[in-house]
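Asks: Just one file: model38.tsv, with TSV, C-alpha atoms.
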```
chain	number	residue	atom	x	y	z
A	1	MET	CA	5.23	124.32	65.93
A	2	ARG	CA	5.07	128.09	65.43
A	3	LEU	CA	2.07	129.33	63.55
A	4	PRO	CA	2.37	132.24	61.10
A	5	LYS	CA	1.50	135.75	62.23
A	6	GLU	CA	-0.61	138.37	60.54
A	7	SER	CA	0.38	142.00	60.93
A	8	HIS	CA	-1.72	145.10	60.34
A	9	CYS	CA	-0.36	148.65	60.58
A	10	ILE	CA	-2.65	151.40	61.91
A	11	ALA	CA	-1.40	154.91	62.72
A	12	GLY	CA	2.20	153.75	63.05
A	13	LEU	CA	1.30	150.83	65.33
A	14	SER	CA	1.61	147.24	64.31
A	15	LEU	CA	-1.13	144.94	65.51
A	16	LEU	CA	-0.06	141.32	65.57
A	17	PHE	CA	-2.39	138.39	65.42
A	18	GLU	CA	-1.10	134.85	65.72
A	19	ARG	CA	-2.97	132.44	63.55
A	20	SER	CA	-4.69	129.79	65.56
A	21	SER	CA	-5.25	126.20	64.59
A	22	ASN	CA	-8.69	126.64	66.17
A	23	LEU	CA	-10.71	128.26	63.38
A	24	THR	CA	-13.61	129.21	65.66
A	25	GLN	CA	-11.54	131.60	67.78
A	26	MET	CA	-9.59	134.66	66.74
A	27	PRO	CA	-6.09	134.98	68.20
A	28	ALA	CA	-5.54	137.13	71.27
A	29	PRO	CA	-4.76	140.74	70.35
A	30	SER	CA	-1.33	142.26	70.86
A	31	ILE	CA	0.28	145.61	70.14
A	32	GLU	CA	3.71	146.33	68.73
A	33	PHE	CA	5.43	149.73	68.77
A	34	LYS	CA	8.48	150.46	66.64
A	35	ARG	CA	10.16	153.67	67.75
A	36	ARG	CA	13.37	155.49	68.53
A	37	LEU	CA	14.28	156.53	72.06
A	38	ARG	CA	13.32	160.19	72.31
A	39	TRP	CA	15.21	162.89	74.22
A	40	ALA	CA	12.23	163.19	76.61
A	41	ASP	CA	12.51	159.47	77.48
A	42	ALA	CA	16.27	159.50	78.17
A	43	ASP	CA	18.15	160.16	81.41
A	44	ALA	CA	21.26	162.33	81.82
A	45	ALA	CA	23.44	159.42	80.60
A	46	GLY	CA	21.48	159.22	77.33
A	47	ARG	CA	19.69	155.96	78.13
A	48	LEU	CA	16.06	155.03	78.61
A	49	HIS	CA	15.05	156.64	81.91
A	50	PHE	CA	13.67	153.69	83.87
A	51	PRO	CA	10.20	155.00	84.85
A	52	ARG	CA	9.42	155.93	81.24
A	53	ILE	CA	8.96	152.28	80.31
A	54	PHE	CA	5.79	152.22	82.40
A	55	GLU	CA	4.34	155.17	80.46
A	56	ILE	CA	5.15	153.43	77.18
A	57	VAL	CA	3.52	150.22	78.45
A	58	GLU	CA	0.41	152.14	79.53
A	59	GLU	CA	0.23	153.67	76.07
A	60	ALA	CA	0.36	150.17	74.57
A	61	GLU	CA	-2.43	149.06	76.93
A	62	GLY	CA	-4.57	152.00	75.81
A	63	GLU	CA	-4.01	151.14	72.15
A	64	LEU	CA	-4.86	147.49	72.75
A	65	MET	CA	-8.05	148.36	74.63
A	66	ARG	CA	-9.06	150.85	71.92
A	67	GLU	CA	-8.44	148.20	69.27
A	68	ILE	CA	-10.83	145.74	70.95
A	69	ALA	CA	-13.50	148.46	71.36
A	70	TRP	CA	-12.86	149.15	75.05
A	71	PRO	CA	-11.35	152.66	74.79
A	72	LEU	CA	-10.46	154.49	77.98
A	73	ASP	CA	-13.56	156.70	77.96
A	74	VAL	CA	-15.83	153.62	77.78
A	75	ARG	CA	-13.92	151.83	80.52
A	76	ARG	CA	-14.25	154.73	82.96
A	77	LYS	CA	-18.04	154.76	82.84
A	78	ASP	CA	-18.60	151.51	84.75
A	79	TYR	CA	-15.21	150.01	85.53
A	80	ASP	CA	-11.82	151.05	86.80
A	81	PHE	CA	-8.54	149.21	86.11
A	82	PRO	CA	-5.92	150.23	88.70
A	83	ARG	CA	-2.44	148.76	88.49
A	84	VAL	CA	-1.76	146.35	91.34
A	85	HIS	CA	1.56	144.82	90.28
A	86	LEU	CA	4.40	145.93	88.00
A	87	GLU	CA	7.59	144.08	87.10
A	88	CYS	CA	10.42	145.16	84.88
A	89	LYS	CA	13.78	143.57	84.12
A	90	PHE	CA	16.34	145.69	82.29
A	91	LYS	CA	18.71	143.41	80.37
A	92	ARG	CA	20.29	145.74	77.79
A	93	ILE	CA	20.64	149.49	77.36
A	94	ILE	CA	18.38	151.38	75.00
A	95	ALA	CA	20.39	154.49	74.08
A	96	LEU	CA	19.20	157.91	72.97
A	97	ASP	CA	17.87	157.85	69.37
A	98	ALA	CA	18.28	154.07	69.13
A	99	PRO	CA	15.41	152.15	67.53
A	100	TYR	CA	13.50	149.68	69.66
A	101	ARG	CA	10.42	147.49	69.37
A	102	LEU	CA	7.89	146.89	72.14
A	103	LEU	CA	5.60	143.85	72.04
A	104	PHE	CA	2.61	144.03	74.41
A	105	THR	CA	0.44	140.93	74.93
A	106	ILE	CA	-2.20	139.45	77.20
A	107	GLY	CA	-0.30	137.28	79.69
A	108	LYS	CA	-3.08	135.88	81.85
A	109	LEU	CA	-6.73	136.50	82.58
A	110	GLY	CA	-7.75	135.86	86.16
A	111	HIS	CA	-11.22	136.11	87.65
A	112	THR	CA	-10.89	139.84	88.43
A	113	SER	CA	-7.45	140.67	87.03
A	114	ILE	CA	-5.60	141.01	83.74
A	115	ARG	CA	-1.85	140.46	83.47
A	116	TYR	CA	-0.17	142.06	80.49
A	117	ASP	CA	3.29	140.94	79.38
A	118	TYR	CA	5.71	143.15	77.51
A	119	GLN	CA	9.07	142.78	75.85
A	120	VAL	CA	11.33	145.45	74.38
A	121	PHE	CA	13.88	144.52	71.74
A	122	ASP	CA	16.87	146.66	70.73
A	123	GLU	CA	17.84	147.39	67.12
A	124	GLY	CA	19.64	144.03	66.90
A	125	GLU	CA	16.43	142.28	68.05
A	126	GLU	CA	18.06	141.37	71.37
A	127	LEU	CA	15.71	141.31	74.39
A	128	ALA	CA	16.46	144.54	76.27
A	129	ILE	CA	13.54	144.82	78.70
A	130	GLU	CA	10.79	142.48	79.82
A	131	GLY	CA	8.07	142.70	82.39
A	132	THR	CA	4.47	142.44	83.41
A	133	MET	CA	1.69	144.78	84.47
A	134	THR	CA	-1.33	143.47	86.34
A	135	VAL	CA	-4.58	145.41	86.66
A	136	VAL	CA	-7.61	144.52	88.73
A	137	VAL	CA	-11.14	145.21	87.50
A	138	LEU	CA	-13.13	147.38	89.90
A	139	ARG	CA	-16.77	148.34	89.87
A	140	ASP	CA	-17.99	150.77	92.50
A	141	GLY	CA	-14.53	150.56	94.08
A	142	LYS	CA	-14.64	146.78	94.60
A	143	PRO	CA	-13.01	143.94	92.62
A	144	THR	CA	-15.42	142.43	90.15
A	145	GLU	CA	-15.34	139.74	87.50
A	146	ILE	CA	-13.89	140.75	84.15
A	147	PRO	CA	-16.94	141.68	82.02
A	148	THR	CA	-17.82	138.88	79.61
A	149	ALA	CA	-17.52	141.06	76.49
A	150	LEU	CA	-14.07	142.26	77.59
A	151	ARG	CA	-12.89	138.73	78.40
A	152	VAL	CA	-14.06	137.46	75.02
A	153	ALA	CA	-12.26	140.31	73.23
A	154	LEU	CA	-9.06	139.75	75.24
A	155	VAL	CA	-8.89	136.07	74.32
A	156	GLY	CA	-9.46	136.90	70.66
A	157	GLY	CA	-13.14	136.11	70.40
A	158	GLY	CA	-14.12	139.40	68.81
A	159	THR	CA	-15.48	142.64	70.18
```
Produce structure tokens that represent the structure in this file.
Replies:
Amino acid sequence: MRLPKESHCIAGLSLLFERSSNLTQMPAPSIEFKRRLRWADADAAGRLHFPRIFEIVEEAEGELMREIAWPLDVRRKDYDFPRVHLECKFKRIIALDAPYRLLFTIGKLGHTSIRYDYQVFDEGEELAIEGTMTVVVLRDGKPTEIPTALRVALVGGGT
């Protein structure tokens, strides 16, 4: 059974929250971008230039972290979040000036790592790109447990 979603729009970004049947826990946060493929993001053939997807995904991560009160400047004080694994499957072409929608979600929380999942849909809502990005939480240059407040926020328990 699919539960209804709530959507809030802030500065051109849609924040999606799936309603949970568990009333004591907020749903996990996610970010949705609706955009057109810009000239700067296209290759010579007029299609999404493949490395640009990772910049777009990092932007979504930054927005998600800001939304749960872990903005980049706060994160850098005590923790670092280097990327340790990236995956991307290109299934359909996103052409120059074509609209697309990116959905960025929390895929899995490990002990010291966070896996983000992302999907990009073309203007016909066909899946065009999908992938994952995994970051590890470092403190003083060593892997460390995801801070409790961050874990709670990432599973939808508030900030």
Asks: Padding 4 Å on each side, edges along x, y and z: where is the centre of the box around the listed atoms of range 33-44 of chain A, and how long are its edges in Å to one decimal? Output it as lines of an AutoDock Vina configuration file.
Replies:
```
center_x = 13.3
center_y = 156.5
center_z = 74.2
size_x = 23.8
size_y = 21.5
size_z = 23.2
```
Asks: Between A:Asp97, A:Glu59, A:Glu145, A:Glu67, which has the minimum distance to Arg47 in chain A (counting all atoms listed in the file)?
Replies: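 Residue with the minimum atom-to-atom distance to Arg47 in chain A: A:Asp97.
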Asks: Kindly give the distance, in Å, that separates CA of Ile68 in chain A and CA of Thr105 in chain A, rounded to a single decimal.
Replies: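 Computing the Euclidean distance for CA of Ile68 in chain A and CA of Thr105 in chain A yields 12.9 Å.
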Asks: Rounded to one decimal place, report the CA of Leu48 in chain A-CA of Ile94 in chain A distance in Å.
Replies: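 Here the two named atoms are 5.6 Å from each other.
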Asks: For Arg101 in chain A, please output as a ChimeraX atom specification all residues within 9 Å (counting all atoms listed in the file; exclusion window: fewer than 5 positions along the same chain).
Replies: /A:32-36,119-123,125
Asks: For each of A:Val57, A:Asp43, A:Gly62, A:Lys108, take the minimum atom-to-atom distance to Cys88 in chain A, counting all atoms listed in the file, then give the residue where this is smallest.
Replies: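 Residue with the minimum atom-to-atom distance to Cys88 in chain A: A:Val57.
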Asks: Choose the residue, out of A:Tyr100, A:Phe90, A:Phe81, A:Phe54, that has the smallest atom-to-atom separation from Val135 in chain A; count all atoms listed in the file.
Replies: A:Phe81
Asks: Using all atoms listed in the file, can you tell me which of A:Ile93, A:Leu103, A:Ile31, A:Ala128 comes closest to Met65 in chain A?
Replies: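 Of A:Ile93, A:Leu103, A:Ile31, A:Ala128, the one nearest Met65 in chain A, counting all atoms listed in the file, is A:Ile31.
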Asks: Can you pull out the residues contacting Val84 in chain A? Cut-off 10 Å, using all atoms listed in the file, and skip same-chain residues under 2 positions away; I want them as an mmCIF file with C-alpha atoms, in the frame of the given file.
Replies:
```
data_model
loop_
_atom_site.group_PDB
_atom_site.id
_atom_site.type_symbol
_atom_site.label_atom_id
_atom_site.label_comp_id
_atom_site.auth_asym_id
_atom_site.auth_seq_id
_atom_site.Cartn_x
_atom_site.Cartn_y
_atom_site.Cartn_z
ATOM 1 C CA PHE A 81 -8.540 149.210 86.110
ATOM 2 C CA PRO A 82 -5.920 150.230 88.700
ATOM 3 C CA LEU A 86 4.400 145.930 88.000
ATOM 4 C CA SER A 113 -7.450 140.670 87.030
ATOM 5 C CA ARG A 115 -1.850 140.460 83.470
ATOM 6 C CA MET A 133 1.690 144.780 84.470
ATOM 7 C CA THR A 134 -1.330 143.470 86.340
ATOM 8 C CA VAL A 135 -4.580 145.410 86.660
ATOM 9 C CA VAL A 136 -7.610 144.520 88.730
#
```
Asks: Select, from A:Asp73, A:Ala45, A:Gly124, A:Val152, the residue with the minimum atom-to-atom distance to Ala98 in chain A, counting only C-alpha atoms.
Replies: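 Distance minimum relative to Ala98 in chain A lands on A:Gly124.
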Asks: Using only C-alpha atoms, can you tell me which of A:Ala42, A:Ile53, A:Val137, A:Leu150 comes closest to Leu102 in chain A?
Replies: A:Ile53
Asks: Which distance in Å separates CA of Pro29 in chain A and CA of Pro51 in chain A, to one decimal?
Replies: 25.2 Å
Asks: Residues at most 12 Å from Trp70 in chain A, counting only C-alpha atoms, excluding those fewer than 6 positions away in the same chain, as a list in words?
Replies: Glu61, Gly62, Glu63, Leu64, Arg76, Lys77, Asp78, Tyr79, Asp80, Phe81, Pro147, Ala149, Leu150, Arg151, Val152, Ala153, Leu154, Gly158 and Thr159 of chain A
Asks: Please complete range 43-78 of chain A so it has N, CA and C atoms, and hand it over as a tab-separated table (two decimals), in the frame of the given file.
Replies:
```
chain	number	residue	atom	x	y	z
A	43	ASP	N	17.59	159.56	80.20
A	43	ASP	CA	18.15	160.16	81.41
A	43	ASP	C	19.39	160.97	81.05
A	44	ALA	N	20.08	161.49	82.05
A	44	ALA	CA	21.26	162.33	81.82
A	44	ALA	C	22.38	161.57	81.12
A	45	ALA	N	22.41	160.24	81.25
A	45	ALA	CA	23.44	159.42	80.60
A	45	ALA	C	23.07	159.07	79.15
A	46	GLY	N	21.89	159.51	78.70
A	46	GLY	CA	21.48	159.22	77.33
A	46	GLY	C	20.90	157.84	77.13
A	47	ARG	N	20.33	157.28	78.20
A	47	ARG	CA	19.69	155.96	78.13
A	47	ARG	C	18.23	156.07	78.53
A	48	LEU	N	17.46	155.04	78.20
A	48	LEU	CA	16.06	155.03	78.61
A	48	LEU	C	15.99	155.28	80.11
A	49	HIS	N	15.25	156.33	80.50
A	49	HIS	CA	15.05	156.64	81.91
A	49	HIS	C	14.04	155.63	82.46
A	50	PHE	N	14.42	154.88	83.47
A	50	PHE	CA	13.67	153.69	83.87
A	50	PHE	C	12.17	153.87	84.08
A	51	PRO	N	11.66	154.96	84.68
A	51	PRO	CA	10.20	155.00	84.85
A	51	PRO	C	9.44	155.21	83.54
A	52	ARG	N	10.11	155.66	82.50
A	52	ARG	CA	9.42	155.93	81.24
A	52	ARG	C	8.86	154.66	80.60
A	53	ILE	N	9.47	153.52	80.89
A	53	ILE	CA	8.96	152.28	80.31
A	53	ILE	C	7.51	152.04	80.71
A	54	PHE	N	7.16	152.45	81.95
A	54	PHE	CA	5.79	152.22	82.40
A	54	PHE	C	4.79	153.11	81.65
A	55	GLU	N	5.20	154.31	81.28
A	55	GLU	CA	4.34	155.17	80.46
A	55	GLU	C	4.16	154.58	79.07
A	56	ILE	N	5.22	154.05	78.52
A	56	ILE	CA	5.15	153.43	77.18
A	56	ILE	C	4.24	152.20	77.22
A	57	VAL	N	4.36	151.41	78.30
A	57	VAL	CA	3.52	150.22	78.45
A	57	VAL	C	2.05	150.62	78.62
A	58	GLU	N	1.79	151.67	79.39
A	58	GLU	CA	0.41	152.14	79.53
A	58	GLU	C	-0.15	152.62	78.20
A	59	GLU	N	0.67	153.26	77.40
A	59	GLU	CA	0.23	153.67	76.07
A	59	GLU	C	-0.15	152.45	75.23
A	60	ALA	N	0.66	151.41	75.30
A	60	ALA	CA	0.36	150.17	74.57
A	60	ALA	C	-0.95	149.56	75.07
A	61	GLU	N	-1.17	149.58	76.38
A	61	GLU	CA	-2.43	149.06	76.93
A	61	GLU	C	-3.61	149.85	76.37
A	62	GLY	N	-3.49	151.17	76.35
A	62	GLY	CA	-4.57	152.00	75.81
A	62	GLY	C	-4.87	151.69	74.36
A	63	GLU	N	-3.82	151.48	73.57
A	63	GLU	CA	-4.01	151.14	72.15
A	63	GLU	C	-4.68	149.78	72.00
A	64	LEU	N	-4.26	148.82	72.82
A	64	LEU	CA	-4.86	147.49	72.75
A	64	LEU	C	-6.34	147.55	73.12
A	65	MET	N	-6.65	148.27	74.19
A	65	MET	CA	-8.05	148.36	74.63
A	65	MET	C	-8.90	149.10	73.59
A	66	ARG	N	-8.35	150.12	72.98
A	66	ARG	CA	-9.06	150.85	71.92
A	66	ARG	C	-9.32	149.92	70.74
A	67	GLU	N	-8.33	149.11	70.41
A	67	GLU	CA	-8.44	148.20	69.27
A	67	GLU	C	-9.52	147.15	69.47
A	68	ILE	N	-9.79	146.75	70.70
A	68	ILE	CA	-10.83	145.74	70.95
A	68	ILE	C	-12.15	146.39	71.37
A	69	ALA	N	-12.27	147.70	71.11
A	69	ALA	CA	-13.50	148.46	71.36
A	69	ALA	C	-13.79	148.65	72.84
A	70	TRP	N	-12.74	148.78	73.64
A	70	TRP	CA	-12.86	149.15	75.05
A	70	TRP	C	-11.99	150.37	75.32
A	71	PRO	N	-12.21	151.48	74.59
A	71	PRO	CA	-11.35	152.66	74.79
A	71	PRO	C	-11.49	153.20	76.21
A	72	LEU	N	-10.51	153.98	76.62
A	72	LEU	CA	-10.46	154.49	77.98
A	72	LEU	C	-11.73	155.19	78.41
A	73	ASP	N	-12.35	155.99	77.55
A	73	ASP	CA	-13.56	156.70	77.96
A	73	ASP	C	-14.72	155.75	78.24
A	74	VAL	N	-14.79	154.63	77.52
A	74	VAL	CA	-15.83	153.62	77.78
A	74	VAL	C	-15.55	152.90	79.09
A	75	ARG	N	-14.29	152.56	79.31
A	75	ARG	CA	-13.92	151.83	80.52
A	75	ARG	C	-14.27	152.63	81.77
A	76	ARG	N	-14.06	153.93	81.75
A	76	ARG	CA	-14.25	154.73	82.96
A	76	ARG	C	-15.71	154.85	83.37
A	77	LYS	N	-16.63	154.59	82.49
A	77	LYS	CA	-18.04	154.76	82.84
A	77	LYS	C	-18.49	153.78	83.93
A	78	ASP	N	-18.13	152.52	83.81
A	78	ASP	CA	-18.60	151.51	84.75
A	78	ASP	C	-17.49	150.80	85.51
```
